[in-house]
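Next comes final.cif, a file with mmCIF, C-alpha atoms.
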```cif
data_work
#
loop_
_atom_site.label_atom_id
_atom_site.label_comp_id
_atom_site.auth_asym_id
_atom_site.auth_seq_id
_atom_site.Cartn_x
_atom_site.Cartn_y
_atom_site.Cartn_z
CA MET Y 1 -59.49 0.05 -46.18
CA PRO Y 2 -56.36 0.44 -44.02
CA THR Y 3 -54.43 3.67 -44.37
CA LYS Y 4 -51.19 3.23 -46.23
CA LYS Y 5 -48.24 4.12 -44.03
CA PRO Y 6 -45.79 6.65 -45.50
CA ASN Y 7 -42.43 5.34 -46.55
CA PRO Y 8 -39.71 6.04 -43.98
CA ALA Y 9 -37.31 8.80 -44.86
CA GLU Y 10 -34.30 7.68 -46.86
CA LEU Y 11 -30.91 8.02 -45.19
CA LEU Y 12 -28.34 9.84 -47.26
CA SER Y 13 -24.57 9.88 -46.86
CA LEU Y 14 -22.80 13.23 -46.83
CA ASN Y 15 -21.41 12.48 -50.27
CA GLU Y 16 -24.96 12.00 -51.54
CA VAL Y 17 -26.08 15.17 -49.77
CA ALA Y 18 -23.21 17.14 -51.30
CA GLU Y 19 -24.10 15.81 -54.76
CA LYS Y 20 -27.80 16.72 -54.37
CA LEU Y 21 -26.90 20.20 -53.14
CA GLY Y 22 -24.22 20.73 -55.75
CA VAL Y 23 -21.63 21.62 -53.11
CA HIS Y 24 -18.31 20.23 -51.96
CA TYR Y 25 -18.37 17.40 -49.41
CA MET Y 26 -16.74 19.66 -46.78
CA THR Y 27 -19.48 22.24 -47.27
CA ALA Y 28 -22.12 19.61 -46.53
CA TYR Y 29 -20.06 18.49 -43.52
CA ARG Y 30 -19.91 22.09 -42.28
CA TYR Y 31 -23.70 22.40 -42.58
CA VAL Y 32 -24.04 19.34 -40.34
CA ARG Y 33 -21.43 20.27 -37.73
CA LEU Y 34 -22.82 23.79 -37.36
CA GLY Y 35 -26.32 22.40 -36.82
CA ILE Y 36 -27.70 23.96 -40.00
CA LEU Y 37 -28.63 20.56 -41.44
CA PRO Y 38 -29.92 17.86 -39.02
CA ALA Y 39 -27.92 14.63 -39.13
CA THR Y 40 -27.13 11.59 -37.02
CA GLN Y 41 -23.98 9.54 -36.75
CA GLN Y 42 -23.88 5.91 -37.86
CA GLY Y 43 -20.58 4.34 -37.03
CA ARG Y 44 -17.96 6.80 -38.25
CA SER Y 45 -20.20 8.49 -40.80
CA TRP Y 46 -22.94 11.12 -40.71
CA VAL Y 47 -26.27 10.46 -42.41
CA VAL Y 48 -29.06 12.87 -43.28
CA ARG Y 49 -32.75 12.03 -43.57
CA SER Y 50 -34.13 12.82 -47.00
CA ASP Y 51 -37.05 14.77 -45.50
CA ASP Y 52 -34.61 16.94 -43.51
CA LEU Y 53 -32.72 17.63 -46.74
CA ASP Y 54 -36.01 18.48 -48.47
CA ALA Y 55 -36.82 20.99 -45.71
CA PHE Y 56 -33.31 22.41 -46.00
CA THR Y 57 -33.78 22.99 -49.75
CA ALA Y 58 -37.46 24.00 -49.65
CA ASP Y 59 -38.94 26.00 -52.55
CA ASP Y 60 -36.15 25.98 -55.16
CA GLY Y 61 -33.93 23.03 -54.25
CA GLU Y 62 -30.96 25.14 -53.19
CA ALA Y 63 -29.31 25.10 -49.79
CA LYS Y 64 -30.28 28.03 -47.59
CA PRO Y 65 -27.81 28.42 -44.71
CA SER Y 66 -28.66 31.56 -42.76
CA LYS Y 67 -26.90 34.79 -43.54
CA ARG Y 68 -24.56 36.33 -40.99
CA GLY Y 69 -26.58 37.69 -38.07
CA GLU Y 70 -29.78 35.85 -39.14
CA ALA Y 71 -28.97 32.33 -37.95
CA ASN Y 72 -31.48 30.39 -35.91
CA TRP Y 73 -28.87 29.53 -33.31
CA PRO Y 74 -31.17 27.56 -30.93
CA GLU Y 75 -32.30 25.32 -33.80
CA ARG Y 76 -28.70 24.73 -34.86
CA LEU Y 77 -27.66 23.91 -31.31
CA TYR Y 78 -30.67 21.63 -30.82
CA ASN Y 79 -29.65 19.59 -33.89
CA ARG Y 80 -26.19 18.94 -32.49
CA MET Y 81 -27.23 18.36 -28.87
CA ILE Y 82 -29.86 15.78 -29.83
CA ALA Y 83 -27.19 13.98 -31.85
CA GLY Y 84 -24.94 13.93 -28.75
CA ASP Y 85 -22.36 15.84 -30.78
CA GLU Y 86 -20.37 17.88 -28.25
CA SER Y 87 -17.79 19.22 -30.69
CA GLY Y 88 -20.48 20.18 -33.18
CA ALA Y 89 -22.50 21.88 -30.44
CA TRP Y 90 -19.43 23.81 -29.34
CA ALA Y 91 -18.82 24.84 -32.96
CA VAL Y 92 -22.32 26.34 -32.98
CA VAL Y 93 -21.54 28.25 -29.78
CA GLU Y 94 -18.28 29.54 -31.22
CA ALA Y 95 -20.00 30.61 -34.42
CA ALA Y 96 -22.70 32.42 -32.44
CA MET Y 97 -20.07 34.26 -30.39
CA ALA Y 98 -18.16 35.12 -33.57
CA SER Y 99 -21.36 36.70 -34.88
CA GLY Y 100 -21.49 39.00 -31.84
CA MET Y 101 -23.29 37.01 -29.14
CA THR Y 102 -21.79 37.61 -25.69
CA GLY Y 103 -20.98 34.89 -23.19
CA PRO Y 104 -24.03 35.60 -20.99
CA GLU Y 105 -26.22 35.79 -24.11
CA VAL Y 106 -25.04 32.29 -25.09
CA TYR Y 107 -26.88 31.17 -21.98
CA THR Y 108 -29.97 33.39 -22.19
CA LYS Y 109 -30.50 33.44 -25.97
CA LEU Y 110 -29.06 30.09 -27.02
CA LEU Y 111 -28.58 27.39 -24.40
CA VAL Y 112 -31.63 28.07 -22.21
CA PRO Y 113 -34.09 28.25 -25.15
CA THR Y 114 -32.56 25.08 -26.61
CA LEU Y 115 -32.85 23.17 -23.34
CA ARG Y 116 -36.44 24.38 -22.99
CA ASP Y 117 -37.17 23.08 -26.50
CA VAL Y 118 -35.59 19.73 -25.66
CA GLY Y 119 -37.68 19.45 -22.49
CA GLU Y 120 -40.93 20.33 -24.24
CA LYS Y 121 -40.33 17.84 -27.06
CA TRP Y 122 -39.50 15.11 -24.55
CA GLU Y 123 -42.70 15.83 -22.58
CA THR Y 124 -44.82 15.59 -25.75
CA GLY Y 125 -43.10 12.38 -26.88
CA GLU Y 126 -41.54 13.97 -29.96
CA ILE Y 127 -38.11 12.80 -28.80
CA ASP Y 128 -37.05 9.85 -26.66
CA VAL Y 129 -35.63 10.09 -23.15
CA ALA Y 130 -32.30 8.93 -24.57
CA ASP Y 131 -32.28 12.02 -26.83
CA GLU Y 132 -33.06 14.22 -23.84
CA HIS Y 133 -30.27 12.65 -21.81
CA ALA Y 134 -27.78 13.03 -24.68
CA ALA Y 135 -28.68 16.70 -25.03
CA SER Y 136 -28.37 17.29 -21.29
CA ARG Y 137 -24.96 15.67 -21.16
CA VAL Y 138 -23.73 17.85 -24.01
CA ALA Y 139 -25.17 20.91 -22.27
CA GLY Y 140 -23.32 20.07 -19.08
CA ARG Y 141 -20.00 19.81 -20.88
CA MET Y 142 -20.63 23.09 -22.71
CA ILE Y 143 -21.37 24.89 -19.45
CA ALA Y 144 -18.01 23.71 -18.13
CA ARG Y 145 -16.32 25.25 -21.16
CA LEU Y 146 -18.36 28.45 -21.09
CA GLY Y 147 -17.73 29.29 -17.43
CA PRO Y 148 -14.31 30.93 -17.85
CA LYS Y 149 -15.63 32.99 -20.78
CA VAL Y 150 -18.43 34.73 -18.85
CA ALA Y 151 -16.74 35.77 -15.58
CA PRO Y 152 -15.23 39.25 -16.03
CA ARG Y 153 -12.11 40.38 -14.27
CA GLY Y 154 -12.28 42.96 -11.52
CA VAL Y 155 -13.43 43.41 -7.95
CA ARG Y 156 -16.16 41.06 -6.79
CA ARG Y 157 -19.29 42.55 -5.25
CA GLY Y 158 -19.99 39.97 -2.59
CA THR Y 159 -21.01 36.33 -2.45
CA ILE Y 160 -24.16 34.55 -3.61
CA VAL Y 161 -24.70 31.12 -2.10
CA LEU Y 162 -26.72 29.10 -4.60
CA GLY Y 163 -28.30 25.70 -4.16
CA SER Y 164 -31.52 23.74 -3.99
CA THR Y 165 -33.55 21.43 -1.79
CA ALA Y 166 -33.09 17.80 -0.87
CA LYS Y 167 -35.90 16.98 -3.33
CA GLU Y 168 -34.51 18.81 -6.36
CA LEU Y 169 -32.81 16.59 -8.95
CA HIS Y 170 -31.85 19.04 -11.72
CA GLY Y 171 -28.46 20.71 -11.58
CA LEU Y 172 -28.08 22.29 -15.04
CA PRO Y 173 -30.31 25.32 -14.29
CA LEU Y 174 -28.27 26.02 -11.16
CA SER Y 175 -25.00 25.82 -13.08
CA ILE Y 176 -26.33 28.26 -15.68
CA ALA Y 177 -27.56 30.65 -12.98
CA ALA Y 178 -24.20 30.45 -11.22
CA ASP Y 179 -22.33 31.53 -14.34
CA LEU Y 180 -24.77 34.38 -15.00
CA PHE Y 181 -24.31 35.58 -11.41
CA ARG Y 182 -20.53 35.44 -11.92
CA SER Y 183 -20.93 37.47 -15.13
CA ALA Y 184 -22.42 40.21 -12.93
CA ARG Y 185 -19.21 40.13 -10.83
CA PHE Y 186 -20.54 38.22 -7.83
CA ASN Y 187 -18.62 35.43 -6.17
CA VAL Y 188 -20.78 32.32 -6.31
CA ILE Y 189 -20.77 29.22 -4.14
CA ASP Y 190 -22.76 26.72 -6.21
CA LEU Y 191 -23.93 23.90 -3.95
CA GLY Y 192 -26.01 22.15 -6.61
CA PRO Y 193 -29.26 20.18 -6.16
CA ASN Y 194 -30.34 17.45 -3.71
CA LEU Y 195 -28.95 19.28 -0.67
CA PRO Y 196 -30.09 18.57 2.91
CA PRO Y 197 -31.25 21.73 4.72
CA ALA Y 198 -28.58 21.45 7.44
CA SER Y 199 -25.82 21.18 4.84
CA PHE Y 200 -27.14 24.20 2.93
CA ALA Y 201 -27.25 26.19 6.17
CA LYS Y 202 -23.73 25.15 7.12
CA ALA Y 203 -22.39 26.39 3.79
CA VAL Y 204 -24.14 29.74 4.19
CA ALA Y 205 -22.79 30.13 7.73
CA GLY Y 206 -19.25 29.48 6.54
CA ALA Y 207 -19.32 31.89 3.58
CA ASP Y 208 -17.87 35.42 3.68
CA ASP Y 209 -19.66 38.60 2.62
CA VAL Y 210 -22.94 36.91 1.68
CA VAL Y 211 -25.13 39.30 -0.31
CA ALA Y 212 -27.99 36.82 -0.69
CA VAL Y 213 -28.90 33.16 -0.73
CA ALA Y 214 -30.40 31.92 -4.00
CA LEU Y 215 -32.64 28.87 -3.73
CA GLY Y 216 -33.42 27.52 -7.20
CA VAL Y 217 -36.14 24.94 -7.86
CA THR Y 218 -37.38 23.46 -11.13
CA MET Y 219 -39.54 20.65 -9.73
CA THR Y 220 -42.99 21.32 -8.27
CA ARG Y 221 -44.58 19.77 -5.17
CA GLN Y 222 -41.69 20.37 -2.83
CA ASP Y 223 -43.09 23.13 -0.63
CA LYS Y 224 -42.09 21.35 2.58
CA ALA Y 225 -38.53 20.88 1.37
CA ILE Y 226 -38.35 24.58 0.44
CA ARG Y 227 -39.71 25.65 3.82
CA ASP Y 228 -37.34 23.34 5.70
CA THR Y 229 -34.38 24.72 3.76
CA ILE Y 230 -35.36 28.33 4.34
CA GLU Y 231 -35.89 27.74 8.06
CA ALA Y 232 -32.49 26.05 8.40
CA ILE Y 233 -30.77 29.00 6.70
CA ARG Y 234 -32.64 31.51 8.89
CA GLU Y 235 -31.15 29.86 11.97
CA VAL Y 236 -27.59 30.71 10.91
CA SER Y 237 -27.86 33.82 8.73
CA ASP Y 238 -29.90 36.96 8.22
CA ALA Y 239 -28.96 37.17 4.52
CA PRO Y 240 -31.94 37.69 2.18
CA ILE Y 241 -33.22 34.48 0.62
CA ILE Y 242 -34.40 34.67 -2.98
CA LEU Y 243 -36.44 31.75 -4.29
CA GLY Y 244 -36.35 31.25 -8.06
CA GLY Y 245 -37.17 28.93 -10.93
CA GLY Y 246 -40.18 27.30 -12.51
CA GLY Y 247 -40.81 25.01 -9.55
CA SER Y 248 -42.42 27.73 -7.46
CA THR Y 249 -44.23 31.07 -7.65
CA ALA Y 250 -44.06 34.51 -6.06
CA ALA Y 251 -47.09 33.71 -3.90
CA LYS Y 252 -45.53 30.48 -2.65
CA ALA Y 253 -42.20 32.19 -2.02
CA GLU Y 254 -43.87 34.64 0.36
CA LYS Y 255 -45.88 31.88 2.02
CA LEU Y 256 -42.82 29.66 2.52
CA GLY Y 257 -40.75 32.43 4.10
CA ALA Y 258 -38.50 33.66 1.26
CA ASP Y 259 -37.67 37.35 0.91
CA GLY Y 260 -38.45 37.39 -2.79
CA TYR Y 261 -39.06 35.39 -5.93
CA THR Y 262 -37.54 35.62 -9.41
CA ALA Y 263 -38.43 33.54 -12.46
CA THR Y 264 -35.07 33.93 -14.23
CA ALA Y 265 -31.41 34.38 -13.39
CA GLU Y 266 -31.51 37.86 -14.93
CA ASP Y 267 -34.32 38.84 -12.55
CA ALA Y 268 -32.32 37.39 -9.66
CA ILE Y 269 -29.35 39.58 -10.57
CA ALA Y 270 -31.64 42.62 -10.50
CA ALA Y 271 -32.82 41.55 -7.04
CA PHE Y 272 -29.20 41.23 -5.85
CA GLU Y 273 -28.46 44.70 -7.21
CA GLU Y 274 -31.35 46.10 -5.19
CA ILE Y 275 -30.12 44.31 -2.06
CA LEU Y 276 -26.67 45.83 -2.53
CA ALA Y 277 -28.15 49.28 -3.06
CA ASN Y 278 -30.11 49.05 0.19
CA ARG Y 279 -27.29 47.71 2.36
#
```

Using structure tokens, write down the structure that the file contains.
Amino acid sequence: MPTKKPNPAELLSLNEVAEKLGVHYMTAYRYVRLGILPATQQGRSWVVRSDDLDAFTADDGEAKPSKRGEANWPERLYNRMIAGDESGAWAVVEAAMASGMTGPEVYTKLLVPTLRDVGEKWETGEIDVADEHAASRVAGRMIARLGPKVAPRGVRRGTIVLGSTAKELHGLPLSIAADLFRSARFNVIDLGPNLPPASFAKAVAGADDVVAVALGVTMTRQDKAIRDTIEAIREVSDAPIILGGGGSTAAKAEKLGADGYTATAEDAIAAFEEILANR
């Protein structure tokens, strides 16, 4: 006997959601725009799946928005990014910062975990590539808005030249790393991904007071491109080269000629601090 397929979740308007929750329409709207309650936009209106509302009111049927300081910020941000809702995503960021999250922490505790969640769900087929692209586009626009909020005033401590190989296609991780380096009071020249070795080397040669070169990679199987880039930089500069990102390892970094490897931007900053201390 064939298995009976479950009925698809009912789509509820915000007025219906507000009525079921016993709250004002604007309260339901706030839940959606802050990412507390998952929703999608249809035309000019927001709709909520009935199963998402059931999860939101689990146990006793009452809405359970997180208390101050207890919010699951990555989950809230994920809900808005997947919906392609830039203003809603930014509202989540602003709310997180109002709760005490610093600009750099928005990256390390909010945006990076959310992007990782998006990537994992795309790889497992839980979300479509269109959802992943929408989330990435929102993330890019948020990074542009966050940049001025993370760079402190004061004397700079030298320049980090940041970029990737001619094979690398992902620029968001580099943009995030660049802002985190700036938050540590370094000047940053962010060259982005998909960069020919000669062009990377030319930029390094033309930069002033270079503390280190940061070569970030997220994609695997590009050892030759990494080696070619490192060799090109070596021809024009004796600045330390730090390889970082999930596309390589410490063992490969040593084998390919880098001076060090870091898995995260925070670890890279620690490496730059050590370089400065030993100058």

Answer key for the PyMOL selection byres ((chain Y and resi 181) around 10), residues as a ChimeraX atom specification: /Y:104,150-151,159-160,162,175-180,182-188,265-266,268-269,272

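A straight line drawn from atom CA of Lys149 of chain Y to atom CA of Gly103 of chain Y is 6.2 Å long.
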
Using all atoms listed in the file, what table do you get, as a Markdown table, when you list each residue of segment 79-190 of chain Y with an atom no more than 8 Å from segment 219-227 of chain Y, its nearest pair of atoms, and their distance in Å rounded to one decimal, rows by chain then rising number?
```
| residue | atom | partner | partner_atom | distance |
| --- | --- | --- | --- | --- |
| Y:Thr165 | CA | Y:Ala225 | CA | 5.9 |
| Y:Ala166 | CA | Y:Ala225 | CA | 6.6 |
| Y:Lys167 | CA | Y:Ala225 | CA | 6.6 |
| Y:Glu168 | CA | Y:Met219 | CA | 6.3 |
| Y:Leu169 | CA | Y:Met219 | CA | 7.9 |
```

Output file for the selection above: C-alpha atoms, as a short mmCIF file (atom, residue, chain, number, x, y, z; two decimals), in the frame of the given file:
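Saved to part.cif:
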```cif
data_model
loop_
_atom_site.label_atom_id
_atom_site.label_comp_id
_atom_site.auth_asym_id
_atom_site.auth_seq_id
_atom_site.Cartn_x
_atom_site.Cartn_y
_atom_site.Cartn_z
CA THR Y 165 -33.55 21.43 -1.79
CA ALA Y 166 -33.09 17.80 -0.87
CA LYS Y 167 -35.90 16.98 -3.33
CA GLU Y 168 -34.51 18.81 -6.36
CA LEU Y 169 -32.81 16.59 -8.95
#
```

Residues selected by the PyMOL selection byres ((chain Y and resi 138) around 9), written as a count of residues only: 17

Atomic distance atom CA of Gly22 of chain Y - atom CA of Ala91 of chain Y, expressed in Å with one decimal: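 Computing it gives 23.8 Å between the two atoms.
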
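In this model, the gap between atom CA of Thr262 of chain Y and atom CA of Val155 of chain Y comes to 25.4 Å.
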
Could you list, as a PDB file with C-alpha atoms, in the coordinates of the input, every residue matched by the PyMOL selection byres ((chain Y and resi 11) around 7) in this structure?
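The result, stored in expr_25.pdb:
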```pdb
ATOM      1  CA  ALA Y   9     -37.310   8.800 -44.860  1.00  0.00           C
ATOM      2  CA  GLU Y  10     -34.300   7.680 -46.860  1.00  0.00           C
ATOM      3  CA  LEU Y  12     -28.340   9.840 -47.260  1.00  0.00           C
ATOM      4  CA  SER Y  13     -24.570   9.880 -46.860  1.00  0.00           C
ATOM      5  CA  VAL Y  47     -26.270  10.460 -42.410  1.00  0.00           C
ATOM      6  CA  VAL Y  48     -29.060  12.870 -43.280  1.00  0.00           C
ATOM      7  CA  ARG Y  49     -32.750  12.030 -43.570  1.00  0.00           C
ATOM      8  CA  SER Y  50     -34.130  12.820 -47.000  1.00  0.00           C
TER       9      SER Y  50
END
```

Selected residue of minimal separation from Leu34 of chain Y among Y:Leu276, Y:Val92, Y:Leu14, Y:Val210, counting only C-alpha atoms: Y:Val92

Nearby residues (all atoms listed in the file) at most 12 Å from segment 251-255 of chain Y, same-chain spacing under 2 positions excluded, as a list in words: Ala214, Leu215, Gly216, Val217, Thr220, Arg221, Gln222, Asp223, Lys224, Ile226, Arg227, Ile230, Ile241, Ile242, Leu243, Gly244, Gly245, Gly246, Gly247, Ser248, Thr249, Gly257, Ala258, Asp259, Gly260, Tyr261, Thr262 and Ala263 of chain Y

Please produce a file of the residues just selected, as a PDB file, in the coordinates of the input, where the atoms kept are C-alpha atoms.
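Produced file part07.pdb, reproduced below:
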```pdb
ATOM      1  CA  ALA Y 214     -30.400  31.920  -4.000  1.00  0.00           C
ATOM      2  CA  LEU Y 215     -32.640  28.870  -3.730  1.00  0.00           C
ATOM      3  CA  GLY Y 216     -33.420  27.520  -7.200  1.00  0.00           C
ATOM      4  CA  VAL Y 217     -36.140  24.940  -7.860  1.00  0.00           C
ATOM      5  CA  THR Y 220     -42.990  21.320  -8.270  1.00  0.00           C
ATOM      6  CA  ARG Y 221     -44.580  19.770  -5.170  1.00  0.00           C
ATOM      7  CA  GLN Y 222     -41.690  20.370  -2.830  1.00  0.00           C
ATOM      8  CA  ASP Y 223     -43.090  23.130  -0.630  1.00  0.00           C
ATOM      9  CA  LYS Y 224     -42.090  21.350   2.580  1.00  0.00           C
ATOM     10  CA  ILE Y 226     -38.350  24.580   0.440  1.00  0.00           C
ATOM     11  CA  ARG Y 227     -39.710  25.650   3.820  1.00  0.00           C
ATOM     12  CA  ILE Y 230     -35.360  28.330   4.340  1.00  0.00           C
ATOM     13  CA  ILE Y 241     -33.220  34.480   0.620  1.00  0.00           C
ATOM     14  CA  ILE Y 242     -34.400  34.670  -2.980  1.00  0.00           C
ATOM     15  CA  LEU Y 243     -36.440  31.750  -4.290  1.00  0.00           C
ATOM     16  CA  GLY Y 244     -36.350  31.250  -8.060  1.00  0.00           C
ATOM     17  CA  GLY Y 245     -37.170  28.930 -10.930  1.00  0.00           C
ATOM     18  CA  GLY Y 246     -40.180  27.300 -12.510  1.00  0.00           C
ATOM     19  CA  GLY Y 247     -40.810  25.010  -9.550  1.00  0.00           C
ATOM     20  CA  SER Y 248     -42.420  27.730  -7.460  1.00  0.00           C
ATOM     21  CA  THR Y 249     -44.230  31.070  -7.650  1.00  0.00           C
ATOM     22  CA  GLY Y 257     -40.750  32.430   4.100  1.00  0.00           C
ATOM     23  CA  ALA Y 258     -38.500  33.660   1.260  1.00  0.00           C
ATOM     24  CA  ASP Y 259     -37.670  37.350   0.910  1.00  0.00           C
ATOM     25  CA  GLY Y 260     -38.450  37.390  -2.790  1.00  0.00           C
ATOM     26  CA  TYR Y 261     -39.060  35.390  -5.930  1.00  0.00           C
ATOM     27  CA  THR Y 262     -37.540  35.620  -9.410  1.00  0.00           C
ATOM     28  CA  ALA Y 263     -38.430  33.540 -12.460  1.00  0.00           C
TER      29      ALA Y 263
END
```

Let me have the centre and edge lengths of the axis-aligned box enclosing all listed atoms of segment 114-126 of chain Y with 4 Å padding on every side, in Å to one decimal, as lines of an AutoDock Vina configuration file.
```
center_x = -38.7
center_y = 18.7
center_z = -26.2
size_x = 20.3
size_y = 20.7
size_z = 15.5
```

Selected residue of minimal separation from Leu53 of chain Y among Y:Phe200, Y:Tyr31, Y:Trp122, Y:Tyr25, counting only C-alpha atoms: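 Smallest separation from Leu53 of chain Y among the options: Y:Tyr31.
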